[in-house]
Every structure is written in structure tokens, then in C-alpha cells.
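Content type mmCIF, C-alpha atoms and all ligand atoms, from the file input-v6.cif:
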```cif
data_model
#
loop_
_atom_site.group_PDB
_atom_site.id
_atom_site.type_symbol
_atom_site.label_atom_id
_atom_site.label_comp_id
_atom_site.auth_asym_id
_atom_site.auth_seq_id
_atom_site.Cartn_x
_atom_site.Cartn_y
_atom_site.Cartn_z
ATOM 1 C CA MET M 136 125.038 93.564 127.305
ATOM 2 C CA GLN M 137 122.636 90.729 127.204
ATOM 3 C CA LYS M 138 121.501 89.750 130.691
ATOM 4 C CA THR M 139 122.847 86.330 131.275
ATOM 5 C CA LYS M 140 124.472 84.261 133.930
ATOM 6 C CA GLY M 141 127.257 81.702 134.020
ATOM 7 C CA GLY M 142 124.936 78.755 134.310
ATOM 8 C CA ALA M 143 121.814 80.182 132.734
ATOM 9 C CA LEU M 144 121.648 77.437 130.149
ATOM 10 C CA SER M 145 122.922 74.743 132.389
ATOM 11 C CA ASN M 146 120.592 71.937 133.336
ATOM 12 C CA SER M 147 122.662 68.936 132.410
ATOM 13 C CA VAL M 148 125.630 69.283 134.709
ATOM 14 C CA GLY M 149 125.576 67.504 138.005
ATOM 15 C CA ARG M 150 129.125 68.056 139.171
ATOM 16 C CA PRO M 151 128.879 67.518 142.908
ATOM 17 C CA SER M 152 132.612 67.919 143.369
ATOM 18 C CA PRO M 153 134.200 70.037 146.079
ATOM 19 C CA LEU M 154 135.829 73.304 145.076
ATOM 20 C CA ILE M 155 139.063 71.550 144.158
ATOM 21 C CA VAL M 156 139.655 67.981 143.199
ATOM 22 C CA LYS M 157 143.040 66.466 143.859
ATOM 23 C CA ASN M 158 144.471 63.033 143.446
ATOM 24 C CA GLY M 159 145.519 61.106 146.529
ATOM 25 C CA ASN M 160 149.069 62.328 146.160
ATOM 26 C CA GLY M 161 147.986 65.951 146.165
ATOM 27 C CA THR M 162 148.735 66.624 142.509
ATOM 28 C CA PRO M 163 146.130 68.317 140.314
ATOM 29 C CA ALA M 164 143.439 65.940 139.008
ATOM 30 C CA ASN M 165 143.715 66.892 135.347
ATOM 31 C CA ASP M 166 147.499 66.790 135.087
ATOM 32 C CA GLY M 167 148.921 68.059 131.884
ATOM 33 C CA VAL M 168 145.709 69.522 130.489
ATOM 34 C CA PRO M 169 145.701 73.317 130.640
ATOM 35 C CA THR M 170 142.663 74.760 132.379
ATOM 36 C CA LEU M 171 142.433 77.390 129.658
ATOM 37 C CA LEU M 172 143.840 77.252 126.156
ATOM 38 C CA VAL M 173 143.275 80.047 123.633
ATOM 39 C CA GLU M 174 144.796 79.614 120.194
ATOM 40 C CA ASN M 175 145.005 82.240 117.462
ATOM 41 C CA LEU M 176 141.774 83.921 118.489
ATOM 42 C CA SER M 177 140.635 86.907 116.423
ATOM 43 C CA PHE M 178 137.358 88.777 116.665
ATOM 44 C CA SER M 179 135.714 91.831 115.117
ATOM 45 C CA TYR M 180 132.512 93.423 116.415
ATOM 46 C CA PRO M 181 129.637 93.720 113.917
ATOM 47 C CA ASP M 182 130.584 97.343 113.204
ATOM 48 C CA GLY M 183 133.920 96.027 111.870
ATOM 49 C CA HIS M 184 136.059 97.066 114.837
ATOM 50 C CA SER M 185 138.823 94.503 115.247
ATOM 51 C CA ALA M 186 138.985 93.855 119.007
ATOM 52 C CA LEU M 187 141.090 90.657 119.192
ATOM 53 C CA ARG M 188 144.008 89.920 116.900
ATOM 54 C CA ASP M 189 145.578 86.474 116.960
ATOM 55 C CA VAL M 190 145.446 86.014 120.722
ATOM 56 C CA SER M 191 147.041 82.863 122.182
ATOM 57 C CA LEU M 192 147.144 82.130 125.905
ATOM 58 C CA GLN M 193 147.596 79.082 128.110
ATOM 59 C CA ILE M 194 146.721 78.968 131.796
ATOM 60 C CA ASN M 195 147.437 75.885 133.871
ATOM 61 C CA GLU M 196 145.566 74.572 136.869
ATOM 62 C CA TYR M 197 145.794 76.756 140.002
ATOM 63 C CA GLU M 198 147.642 79.548 138.191
ATOM 64 C CA LYS M 199 146.573 83.077 139.092
ATOM 65 C CA VAL M 200 147.046 85.398 136.151
ATOM 66 C CA ALA M 201 146.417 89.150 135.847
ATOM 67 C CA LEU M 202 145.227 90.610 132.534
ATOM 68 C CA VAL M 203 146.167 94.270 132.152
ATOM 69 C CA GLY M 204 146.197 96.895 129.443
ATOM 70 C CA PRO M 205 144.725 100.297 128.607
ATOM 71 C CA ASN M 206 141.023 101.021 128.051
ATOM 72 C CA GLY M 207 139.870 99.379 124.851
ATOM 73 C CA ALA M 208 142.742 96.863 124.754
ATOM 74 C CA GLY M 209 140.324 93.939 124.391
ATOM 75 C CA LYS M 210 140.404 92.483 127.916
ATOM 76 C CA SER M 211 136.625 92.247 128.365
ATOM 77 C CA THR M 212 136.192 91.053 124.778
ATOM 78 C CA LEU M 213 138.653 88.218 125.410
ATOM 79 C CA MET M 214 136.894 87.245 128.631
ATOM 80 C CA LEU M 215 133.522 87.104 126.876
ATOM 81 C CA HIS M 216 134.986 84.473 124.538
ATOM 82 C CA LEU M 217 136.017 82.204 127.388
ATOM 83 C CA ASN M 218 132.496 81.001 128.130
ATOM 84 C CA GLY M 219 131.125 81.387 124.641
ATOM 85 C CA ILE M 220 129.179 84.651 124.974
ATOM 86 C CA LEU M 221 131.188 85.884 122.006
ATOM 87 C CA SER M 222 132.716 83.641 119.418
ATOM 88 C CA GLY M 223 135.541 84.560 117.057
ATOM 89 C CA GLU M 224 137.959 82.843 114.715
ATOM 90 C CA GLY M 225 140.404 80.493 116.406
ATOM 91 C CA GLN M 226 140.015 78.108 119.290
ATOM 92 C CA VAL M 227 139.172 78.219 122.997
ATOM 93 C CA GLU M 228 139.408 75.137 125.240
ATOM 94 C CA VAL M 229 138.487 74.839 128.895
ATOM 95 C CA ALA M 230 139.962 71.841 130.744
ATOM 96 C CA GLY M 231 140.459 70.091 127.411
ATOM 97 C CA MET M 232 136.937 70.807 126.132
ATOM 98 C CA ARG M 233 136.497 73.028 123.089
ATOM 99 C CA VAL M 234 134.061 75.890 123.529
ATOM 100 C CA THR M 235 131.351 75.283 120.955
ATOM 101 C CA ARG M 236 127.704 76.195 120.734
ATOM 102 C CA SER M 237 126.641 72.620 121.522
ATOM 103 C CA ASN M 238 128.519 72.350 124.825
ATOM 104 C CA LEU M 239 127.840 75.811 126.232
ATOM 105 C CA PRO M 240 125.916 74.513 129.271
ATOM 106 C CA VAL M 241 128.908 72.396 130.361
ATOM 107 C CA ILE M 242 131.387 75.175 129.555
ATOM 108 C CA ARG M 243 129.387 77.696 131.570
ATOM 109 C CA ALA M 244 129.485 75.409 134.587
ATOM 110 C CA LYS M 245 133.286 75.193 134.243
ATOM 111 C CA VAL M 246 133.938 78.904 133.629
ATOM 112 C CA GLY M 247 132.849 81.316 136.340
ATOM 113 C CA LEU M 248 132.787 84.646 134.508
ATOM 114 C CA VAL M 249 132.083 87.778 136.529
ATOM 115 C CA PHE M 250 131.237 90.747 134.310
ATOM 116 C CA GLN M 251 132.795 94.177 134.582
ATOM 117 C CA ASN M 252 129.373 95.575 135.540
ATOM 118 C CA PRO M 253 127.629 93.571 138.311
ATOM 119 C CA ASP M 254 124.226 94.811 137.102
ATOM 120 C CA ASP M 255 124.747 92.475 134.121
ATOM 121 C CA GLN M 256 124.995 89.549 136.541
ATOM 122 C CA LEU M 257 122.346 90.154 139.178
ATOM 123 C CA PHE M 258 118.717 89.959 138.147
ATOM 124 C CA SER M 259 116.859 88.085 140.886
ATOM 125 C CA PRO M 260 114.946 89.827 143.676
ATOM 126 C CA THR M 261 117.141 88.540 146.497
ATOM 127 C CA VAL M 262 120.819 87.769 146.966
ATOM 128 C CA PHE M 263 119.923 84.152 147.829
ATOM 129 C CA GLU M 264 118.077 83.680 144.537
ATOM 130 C CA ASP M 265 120.897 85.226 142.524
ATOM 131 C CA VAL M 266 123.531 82.989 144.123
ATOM 132 C CA ALA M 267 121.262 79.909 143.939
ATOM 133 C CA PHE M 268 120.418 80.447 140.269
ATOM 134 C CA GLY M 269 123.339 78.511 138.772
ATOM 135 C CA PRO M 270 123.213 75.479 141.112
ATOM 136 C CA LEU M 271 119.403 75.263 140.732
ATOM 137 C CA HIS M 272 119.742 75.191 136.964
ATOM 138 C CA MET M 273 122.381 72.481 137.293
ATOM 139 C CA GLY M 274 119.551 70.398 138.759
ATOM 140 C CA LEU M 275 121.128 70.055 142.200
ATOM 141 C CA PRO M 276 118.946 69.071 145.168
ATOM 142 C CA LYS M 277 117.648 71.952 147.294
ATOM 143 C CA GLY M 278 119.783 71.060 150.313
ATOM 144 C CA GLU M 279 122.947 71.126 148.251
ATOM 145 C CA VAL M 280 121.889 74.424 146.658
ATOM 146 C CA ARG M 281 121.422 75.934 150.127
ATOM 147 C CA ASP M 282 124.851 74.665 151.216
ATOM 148 C CA ARG M 283 126.508 76.070 148.111
ATOM 149 C CA VAL M 284 124.840 79.462 148.547
ATOM 150 C CA ALA M 285 125.917 79.627 152.189
ATOM 151 C CA ARG M 286 129.484 78.671 151.300
ATOM 152 C CA ALA M 287 129.749 81.098 148.379
ATOM 153 C CA LEU M 288 128.402 84.001 150.457
ATOM 154 C CA GLU M 289 130.815 83.141 153.232
ATOM 155 C CA GLN M 290 133.690 83.099 150.726
ATOM 156 C CA VAL M 291 132.947 86.688 149.722
ATOM 157 C CA GLY M 292 132.336 87.791 153.310
ATOM 158 C CA LEU M 293 128.579 88.331 152.913
ATOM 159 C CA SER M 294 127.133 85.522 155.026
ATOM 160 C CA ASP M 295 124.361 87.755 156.376
ATOM 161 C CA TYR M 296 123.192 89.001 152.987
ATOM 162 C CA ALA M 297 121.066 86.081 151.723
ATOM 163 C CA ASP M 298 117.741 87.902 152.259
ATOM 164 C CA ARG M 299 118.892 91.321 151.024
ATOM 165 C CA LEU M 300 117.537 92.770 147.787
ATOM 166 C CA SER M 301 120.226 92.534 145.108
ATOM 167 C CA HIS M 302 119.315 95.788 143.349
ATOM 168 C CA HIS M 303 119.488 97.759 146.618
ATOM 169 C CA LEU M 304 123.080 96.812 147.395
ATOM 170 C CA SER M 305 126.023 99.186 147.114
ATOM 171 C CA ALA M 306 128.309 98.850 144.090
ATOM 172 C CA GLY M 307 130.967 97.023 146.127
ATOM 173 C CA GLU M 308 128.440 94.658 147.675
ATOM 174 C CA LYS M 309 127.038 93.898 144.217
ATOM 175 C CA LYS M 310 130.527 93.045 142.992
ATOM 176 C CA ARG M 311 130.977 90.568 145.794
ATOM 177 C CA VAL M 312 127.540 88.995 145.273
ATOM 178 C CA ALA M 313 128.338 88.705 141.549
ATOM 179 C CA ILE M 314 131.476 86.741 142.479
ATOM 180 C CA ALA M 315 129.378 84.526 144.795
ATOM 181 C CA THR M 316 126.960 83.755 141.909
ATOM 182 C CA VAL M 317 129.781 82.006 140.074
ATOM 183 C CA LEU M 318 131.550 80.490 143.120
ATOM 184 C CA SER M 319 128.319 78.612 143.891
ATOM 185 C CA MET M 320 128.820 76.775 140.579
ATOM 186 C CA ASP M 321 132.182 75.307 141.701
ATOM 187 C CA PRO M 322 133.872 76.530 138.527
ATOM 188 C CA GLU M 323 137.186 75.158 137.241
ATOM 189 C CA ILE M 324 138.344 78.665 136.405
ATOM 190 C CA LEU M 325 137.299 82.002 137.825
ATOM 191 C CA ILE M 326 137.364 84.895 135.349
ATOM 192 C CA LEU M 327 136.928 88.302 136.975
ATOM 193 C CA ASP M 328 136.618 91.488 134.931
ATOM 194 C CA GLU M 329 137.874 94.379 137.079
ATOM 195 C CA PRO M 330 136.792 93.022 140.461
ATOM 196 C CA SER M 331 138.255 95.834 142.564
ATOM 197 C CA ALA M 332 136.839 98.786 140.573
ATOM 198 C CA GLY M 333 134.581 100.881 142.780
ATOM 199 C CA LEU M 334 135.485 99.165 146.026
ATOM 200 C CA ASP M 335 136.370 101.201 149.099
ATOM 201 C CA PRO M 336 139.789 100.454 150.663
ATOM 202 C CA ARG M 337 138.394 98.040 153.244
ATOM 203 C CA ALA M 338 136.318 96.127 150.690
ATOM 204 C CA ARG M 339 139.301 96.097 148.348
ATOM 205 C CA ARG M 340 141.542 94.627 151.054
ATOM 206 C CA ALA M 341 138.876 92.033 151.891
ATOM 207 C CA LEU M 342 138.594 91.093 148.219
ATOM 208 C CA ILE M 343 142.355 90.722 147.903
ATOM 209 C CA SER M 344 142.592 88.399 150.874
ATOM 210 C CA GLN M 345 139.606 86.396 149.629
ATOM 211 C CA LEU M 346 141.102 86.027 146.150
ATOM 212 C CA ARG M 347 144.407 84.991 147.685
ATOM 213 C CA GLU M 348 142.691 82.182 149.564
ATOM 214 C CA PHE M 349 140.572 80.781 146.711
ATOM 215 C CA PRO M 350 142.365 77.570 145.679
ATOM 216 C CA ILE M 351 141.254 77.938 142.100
ATOM 217 C CA THR M 352 142.605 78.856 138.684
ATOM 218 C CA MET M 353 142.014 82.537 138.046
ATOM 219 C CA LEU M 354 142.250 85.130 135.277
ATOM 220 C CA VAL M 355 141.572 88.652 136.496
ATOM 221 C CA SER M 356 141.511 91.842 134.449
ATOM 222 C CA THR M 357 142.337 94.989 136.330
ATOM 223 C CA HIS M 358 143.761 98.507 136.191
ATOM 224 C CA ASP M 359 144.822 98.122 139.827
ATOM 225 C CA MET M 360 148.550 97.508 139.461
ATOM 226 C CA ARG M 361 149.038 97.232 143.217
ATOM 227 C CA LEU M 362 146.546 94.380 143.200
ATOM 228 C CA VAL M 363 148.541 92.763 140.394
ATOM 229 C CA HIS M 364 151.746 93.131 142.356
ATOM 230 C CA GLU M 365 150.297 91.698 145.540
ATOM 231 C CA LEU M 366 148.345 88.793 144.135
ATOM 232 C CA PHE M 367 149.452 87.618 140.723
ATOM 233 C CA PRO M 368 152.771 85.915 140.003
ATOM 234 C CA ARG M 369 152.023 86.111 136.269
ATOM 235 C CA MET M 370 150.838 89.050 134.208
ATOM 236 C CA VAL M 371 149.549 89.265 130.635
ATOM 237 C CA ILE M 372 149.545 92.669 128.919
ATOM 238 C CA MET M 373 147.101 93.405 126.090
ATOM 239 C CA ASP M 374 147.058 96.415 123.798
ATOM 240 C CA GLU M 375 145.046 97.048 120.635
ATOM 241 C CA GLY M 376 143.623 93.533 120.626
ATOM 242 C CA ARG M 377 146.956 91.729 120.965
ATOM 243 C CA ILE M 378 148.870 90.110 123.793
ATOM 244 C CA VAL M 379 152.061 92.149 123.877
ATOM 245 C CA ALA M 380 153.704 90.555 126.943
ATOM 246 C CA ASP M 381 153.151 87.485 129.108
ATOM 247 C CA GLY M 382 155.482 86.610 131.945
ATOM 248 C CA ALA M 383 156.497 86.923 135.572
ATOM 249 C CA THR M 384 154.877 89.984 137.141
ATOM 250 C CA ASP M 385 158.086 91.051 138.904
ATOM 251 C CA ALA M 386 160.070 91.023 135.654
ATOM 252 C CA LEU M 387 157.425 92.839 133.597
ATOM 253 C CA MET M 388 156.876 95.444 136.341
ATOM 254 C CA ASP M 389 160.614 96.196 136.220
ATOM 255 C CA ASP M 390 160.433 96.941 132.486
ATOM 256 C CA ALA M 391 159.650 100.668 132.624
ATOM 257 C CA GLU M 392 159.714 101.066 128.858
ATOM 258 C CA LEU M 393 157.248 98.220 128.304
ATOM 259 C CA LEU M 394 154.859 99.645 130.907
ATOM 260 C CA GLU M 395 155.056 103.155 129.493
ATOM 261 C CA THR M 396 154.542 101.975 125.906
ATOM 262 C CA HIS M 397 151.270 100.363 126.940
ATOM 263 C CA GLY M 398 150.023 103.095 129.237
ATOM 264 C CA LEU M 399 150.685 101.226 132.477
ATOM 265 C CA GLU M 400 152.312 102.252 135.738
ATOM 266 C CA ARG M 401 154.316 100.157 138.122
ATOM 267 C CA GLY M 402 152.203 98.843 141.021
HETATM 268 N N1 LIG B 501 129.665 96.050 121.242
HETATM 269 C C1 LIG B 501 130.725 96.616 120.671
HETATM 270 N N2 LIG B 501 130.683 97.057 119.381
HETATM 271 C C2 LIG B 501 131.760 97.615 118.793
HETATM 272 N N3 LIG B 501 132.955 97.782 119.407
HETATM 273 C C3 LIG B 501 133.041 97.357 120.683
HETATM 274 C C4 LIG B 501 131.947 96.766 121.368
HETATM 275 N N4 LIG B 501 132.346 96.454 122.629
HETATM 276 C C5 LIG B 501 133.640 96.835 122.709
HETATM 277 N N5 LIG B 501 134.048 97.376 121.542
HETATM 278 C C6 LIG B 501 135.390 97.900 121.216
HETATM 279 O O1 LIG B 501 136.315 96.826 121.303
HETATM 280 C C7 LIG B 501 137.543 97.280 121.866
HETATM 281 C C8 LIG B 501 137.879 96.413 123.069
HETATM 282 O O2 LIG B 501 136.929 96.697 124.082
HETATM 283 P P1 LIG B 501 137.001 95.985 125.485
HETATM 284 O O3 LIG B 501 135.762 96.361 126.228
HETATM 285 O O4 LIG B 501 137.275 94.545 125.284
HETATM 286 O O5 LIG B 501 138.283 96.681 126.126
HETATM 287 P P2 LIG B 501 138.877 96.542 127.625
HETATM 288 O O6 LIG B 501 140.314 96.201 127.485
HETATM 289 O O7 LIG B 501 138.025 95.650 128.424
HETATM 290 O O8 LIG B 501 138.767 98.057 128.130
HETATM 291 P P3 LIG B 501 138.458 98.647 129.601
HETATM 292 O O9 LIG B 501 139.780 98.691 130.309
HETATM 293 O O10 LIG B 501 137.947 100.023 129.313
HETATM 294 O O11 LIG B 501 137.433 97.792 130.266
HETATM 295 C C9 LIG B 501 137.332 98.758 122.199
HETATM 296 O O12 LIG B 501 137.908 99.527 121.159
HETATM 297 C C10 LIG B 501 135.832 98.925 122.222
HETATM 298 O O13 LIG B 501 135.459 100.216 121.819
HETATM 299 MG MG MG B 502 136.869 95.917 130.089
#
```

Please go through the file and, once you have read it, give me the structure as C-alpha cells.
Amino acid sequence: MQKTKGGALSNSVGRPSPLIVKNGNGTPANDGVPTLLVENLSFSYPDGHSALRDVSLQINEYEKVALVGPNGAGKSTLMLHLNGILSGEGQVEVAGMRVTRSNLPVIRAKVGLVFQNPDDQLFSPTVFEDVAFGPLHMGLPKGEVRDRVARALEQVGLSDYADRLSHHLSAGEKKRVAIATVLSMDPEILILDEPSAGLDPRARRALISQLREFPITMLVSTHDMRLVHELFPRMVIMDEGRIVADGATDALMDDAELLETHGLERG
């Protein structure tokens, strides 16, 4: 995969907002507008393999949604469309803004996408530089960048890691730093591709409690059905490039036939 980063192209976005913005009455600021809207999205890779087939999905502000399905279902491919790394037929909107080539810098500040493989996300010598990369390229003042880095590292439980060398970290530590690199951008939606893969039980537990506390809209792909059960009220199942179910996690988990048909097990 091309080495890139959520805000790599971003230099025009000065969004000094806190992590969440609410109106005075506590209701979401962008009432009515879905945080993510995907309509009739289809995509084939250059070799002709059809990886997304007419996918439609709506996620509203502060929803936490799990994306599950067998290997090759199209989960990562879908996620790569949400900040314009891939582009298929159909439409993707983030907080009311269509994802197009011309607004990619703004979209990438809104969509915090954490890749399946953290080595695709981390490319600076130190953890500080990796986490500061997005805010620096948003043109934020140095003091604010430092504050954002400190906050993002604290959110993933790695406050002491700023001076560590990114490429020397363990797989689980890299995952958490990769999440911090997008949290420092104050995204409107956090998209995590298999965040708990490769984590030891303690790191996994820590991740779960951190994800539970993030007051942010979230779409998370995972094979960890216990994680789905514990954290996500809503679950979307993909298979062979299509969304085959979308609903309350408890109800879908009770549908043994549905789970078996799509190679899933109850969490
Ligand atoms: N660069 C590529 N060129 C051709 N086909 C690809 C490419 N990347 C992925 N695919 C194919 O597209 C389909 C969807 O892949 P994708 O990585 O989105 O699945 P996934 O649901 O994320 O799977 P996993 O659970 O293994 O991560 C698979 O059949 C895969 O082989
Ligand atoms: Mg994947």
C-alpha cells in the first residue's frame, strides 16, 4: 500500500475545535446530517476483481458501528474509499461533504483512518513526529501541535512514548500510536481497520476501554466478535463485496444461521 497518512495532503484546514462540538443544549452540532453516507458504491481492482458491489451505509453522529465479515469480504476496500484513497462508482459523503479529488485535504482531516497494518501509517523517526505530522500539516501553531500530541498519546495510554522510535515499537504499541496519529487530527469519524489484531490480552482490554470512552463516531472492522459484543450496539456484515446485514448487534448475534452463512461466530 502506498505510504500515506490521514492528513498528508492537508495544509488548508485550521479546525481548532475540541474533540466534540455540541450545541448549548447538548445536542450534536450537525443535527440531521449523517457523519458518513455511502450510496451505491461499487469498485473493482485494476485486475478486474470486483471488491465492492452496490454498498450503501449511513452512520450518524456518535454512533459506534462494527464492520464484520470473512477474509476478502471487502471491509478494508470499503474503508479505503472513506477518505478517498480508493475511488469507485457511487457516492461517499462525510458530514455532508462529498469525497472528491478536489477536497481530499479537508476530507482527510475529517476522517481518521487507521490502516490494518500500522507500518503503513508510521514513517517518521519518532512517535512524537508521527503523531504531530497531521496537525503540523494542518498549519497549526507549534504549541497547539504539542498539546494535541500529548492528548492523543494520553488517549491511547502511551503518554511516555513521545521520544521512542516508531519502527522499534512492538506490534501492539504501533497499533496504538497509529490510532494516536489520527486522534491528533480531531477527526469527525474514526475508522479503524482491525484495531485489536495482534494485541495481547492486557493491551486489548486497554484498547476496548479507550474506544468505549472516545466520544466520537466510529466504524471499526474486526474479526473479534467479543469486541463487537462488548462495544458496538450496531453491526454491519459484509460478504463478497456486499452488505448482507445491518442492524442491532444483539439481534444479529442471535441469528445463528446468518452468522454461519457468512463464516462468523457468536461473540
Ligand atoms: N490490490 C488489490 N488488487 C486486487 N484485488 C485486491 C487488492 N486488494 C484486495 N483485493 C481483493 O479484494 C477483496 C476484498 O479485499 P479486502 O482486503 O477489502 O477484504 P477484507 O474484508 O478487508 O479482508 P480481511 O478480513 O482479510 O482483512 C479480496 O478478494 C482481495 O483479494
Ligand atoms: Mg481487511

### Query
Could you tell me, as a list in words, which residues have any atom at most 12 Å from (153.8, 99.7, 128.7), counting all atoms listed in the file?
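Residues with an atom at most 12 Å from (153.8, 99.7, 128.7): Val203, Gly204, Pro205, Val371, Ile372, Met373, Asp374, Ile378, Val379, Ala380, Leu387, Met388, Asp389, Asp390, Ala391, Glu392, Leu393, Leu394, Glu395, Thr396, His397, Gly398, Leu399, Glu400 and Arg401 of chain M.
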
### Query
In terms of the shortest atom-to-atom distance over only C-alpha atoms, which of M:His302, M:Lys309, M:Arg243, M:Arg377 is closest to Leu215 in chain M?
M:Arg243

Give the residues close to ligand LIG 501 (chain B), within 6 Å, counting all atoms listed in the file; write them as a compact mmCIF listing (two decimals) with C-alpha atoms, keeping the file's coordinate frame.
```txt
# COMPACT_ATOMS: atom_id res chain seq x y z
CA TYR M 180 132.51 93.42 116.42
CA ASP M 182 130.58 97.34 113.20
CA HIS M 184 136.06 97.07 114.84
CA ALA M 186 138.99 93.86 119.01
CA PRO M 205 144.72 100.30 128.61
CA ASN M 206 141.02 101.02 128.05
CA GLY M 207 139.87 99.38 124.85
CA ALA M 208 142.74 96.86 124.75
CA GLY M 209 140.32 93.94 124.39
CA LYS M 210 140.40 92.48 127.92
CA SER M 211 136.62 92.25 128.36
CA THR M 212 136.19 91.05 124.78
```

### Message
Quick check, in Å to one decimal: how far apart do CA of Met320 in chain M and CA of Leu176 in chain M lie?
### Response
26.6 Å

### Task
Within 12 Å of range 343-352 of chain M, counting only C-alpha atoms, which residues show up once you throw out same-chain ones fewer than 5 positions away? Write them as an NGL selection string, please.
:M and (153-157 or 163 or 169-171 or 193-201 or 229-230 or 245-247 or 287-293 or 311 or 314-315 or 318 or 321-327 or 330-331 or 334 or 336-338 or 359 or 361-368)

Would you list the contacts of range 250-267 of chain M as a CSV table (one decimal) with C-alpha atoms, in the coordinates of the input, taking every protein, DNA or RNA residue within 8 Å and counting only C-alpha atoms, but skipping same-chain residues closer than 6 positions in sequence?
```csv
chain,number,residue,atom,x,y,z
M,136,MET,CA,125.0,93.6,127.3
M,137,GLN,CA,122.6,90.7,127.2
M,138,LYS,CA,121.5,89.8,130.7
M,139,THR,CA,122.8,86.3,131.3
M,140,LYS,CA,124.5,84.3,133.9
M,211,SER,CA,136.6,92.2,128.4
M,280,VAL,CA,121.9,74.4,146.7
M,281,ARG,CA,121.4,75.9,150.1
M,283,ARG,CA,126.5,76.1,148.1
M,284,VAL,CA,124.8,79.5,148.5
M,287,ALA,CA,129.7,81.1,148.4
M,296,TYR,CA,123.2,89.0,153.0
M,297,ALA,CA,121.1,86.1,151.7
M,298,ASP,CA,117.7,87.9,152.3
M,299,ARG,CA,118.9,91.3,151.0
M,300,LEU,CA,117.5,92.8,147.8
M,301,SER,CA,120.2,92.5,145.1
M,302,HIS,CA,119.3,95.8,143.3
M,306,ALA,CA,128.3,98.8,144.1
M,309,LYS,CA,127.0,93.9,144.2
M,310,LYS,CA,130.5,93.0,143.0
M,312,VAL,CA,127.5,89.0,145.3
M,313,ALA,CA,128.3,88.7,141.5
M,315,ALA,CA,129.4,84.5,144.8
M,316,THR,CA,127.0,83.8,141.9
M,317,VAL,CA,129.8,82.0,140.1
M,319,SER,CA,128.3,78.6,143.9
M,327,LEU,CA,136.9,88.3,137.0
M,328,ASP,CA,136.6,91.5,134.9
M,329,GLU,CA,137.9,94.4,137.1
M,330,PRO,CA,136.8,93.0,140.5
```

### Task
Could you please determine the separation between CA of Val234 in chain M and CA of Leu187 in chain M in Å, to one decimal place?
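Rounded to one decimal, the two atoms are 16.9 Å apart.
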
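Considering all atoms listed in the file, the residue among M:Asp189, M:Met214, M:Gly307, M:Met360 positioned nearest to ligand MG 502 (chain B) is M:Met214.
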
### Message
As an exercise, work out the distance from CA of Ile220 in chain M to CA of Glu375 in chain M in Å and give it to one decimal place.
### Response
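CA of Glu375 in chain M lies at a distance of 20.6 Å from CA of Ile220 in chain M.
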
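Each of M:Gly231, M:Val249, M:Gly376, M:Asp295 was checked against Ser179 in chain M using all atoms listed in the file; the smallest atom-to-atom distance is that of M:Gly376.
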
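Proximity of M:Val355, M:Met232, M:Met273, M:Glu174 to ligand MG 502 (chain B), computed with all atoms listed in the file, is greatest for M:Val355.
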
Output range 263-281 of chain M with N, CA and C atoms present, as a compact mmCIF listing (two decimals), in the frame of the given file.
```
# COMPACT_ATOMS: atom_id res chain seq x y z
N PHE M 263 119.98 85.62 147.81
CA PHE M 263 119.92 84.15 147.83
C PHE M 263 119.58 83.62 146.44
N GLU M 264 118.52 84.19 145.84
CA GLU M 264 118.08 83.68 144.54
C GLU M 264 119.15 83.88 143.46
N ASP M 265 119.84 85.01 143.51
CA ASP M 265 120.90 85.23 142.52
C ASP M 265 122.00 84.18 142.67
N VAL M 266 122.41 83.92 143.91
CA VAL M 266 123.53 82.99 144.12
C VAL M 266 123.08 81.54 143.90
N ALA M 267 121.79 81.27 144.12
CA ALA M 267 121.26 79.91 143.94
C ALA M 267 120.95 79.59 142.49
N PHE M 268 120.88 80.62 141.65
CA PHE M 268 120.42 80.45 140.27
C PHE M 268 121.20 79.36 139.51
N GLY M 269 122.51 79.46 139.52
CA GLY M 269 123.34 78.51 138.77
C GLY M 269 123.16 77.08 139.27
N PRO M 270 123.38 76.84 140.59
CA PRO M 270 123.21 75.48 141.11
C PRO M 270 121.81 74.92 140.87
N LEU M 271 120.77 75.75 140.99
CA LEU M 271 119.40 75.26 140.73
C LEU M 271 119.27 74.79 139.30
N HIS M 272 119.85 75.56 138.38
CA HIS M 272 119.74 75.19 136.96
C HIS M 272 120.67 74.05 136.59
N MET M 273 121.59 73.70 137.50
CA MET M 273 122.38 72.48 137.29
C MET M 273 121.58 71.27 137.75
N GLY M 274 120.40 71.50 138.32
CA GLY M 274 119.55 70.40 138.76
C GLY M 274 119.96 69.81 140.10
N LEU M 275 120.69 70.58 140.91
CA LEU M 275 121.13 70.06 142.20
C LEU M 275 119.97 70.05 143.20
N PRO M 276 120.00 69.11 144.15
CA PRO M 276 118.95 69.07 145.17
C PRO M 276 118.96 70.34 146.03
N LYS M 277 117.79 70.68 146.58
CA LYS M 277 117.65 71.95 147.29
C LYS M 277 118.63 72.10 148.46
N GLY M 278 118.86 71.00 149.17
CA GLY M 278 119.78 71.06 150.31
C GLY M 278 121.19 71.43 149.87
N GLU M 279 121.61 70.82 148.77
CA GLU M 279 122.95 71.13 148.25
C GLU M 279 123.02 72.57 147.75
N VAL M 280 121.92 73.03 147.12
CA VAL M 280 121.89 74.42 146.66
C VAL M 280 122.06 75.35 147.86
N ARG M 281 121.32 75.07 148.94
CA ARG M 281 121.42 75.93 150.13
C ARG M 281 122.85 75.93 150.66
```
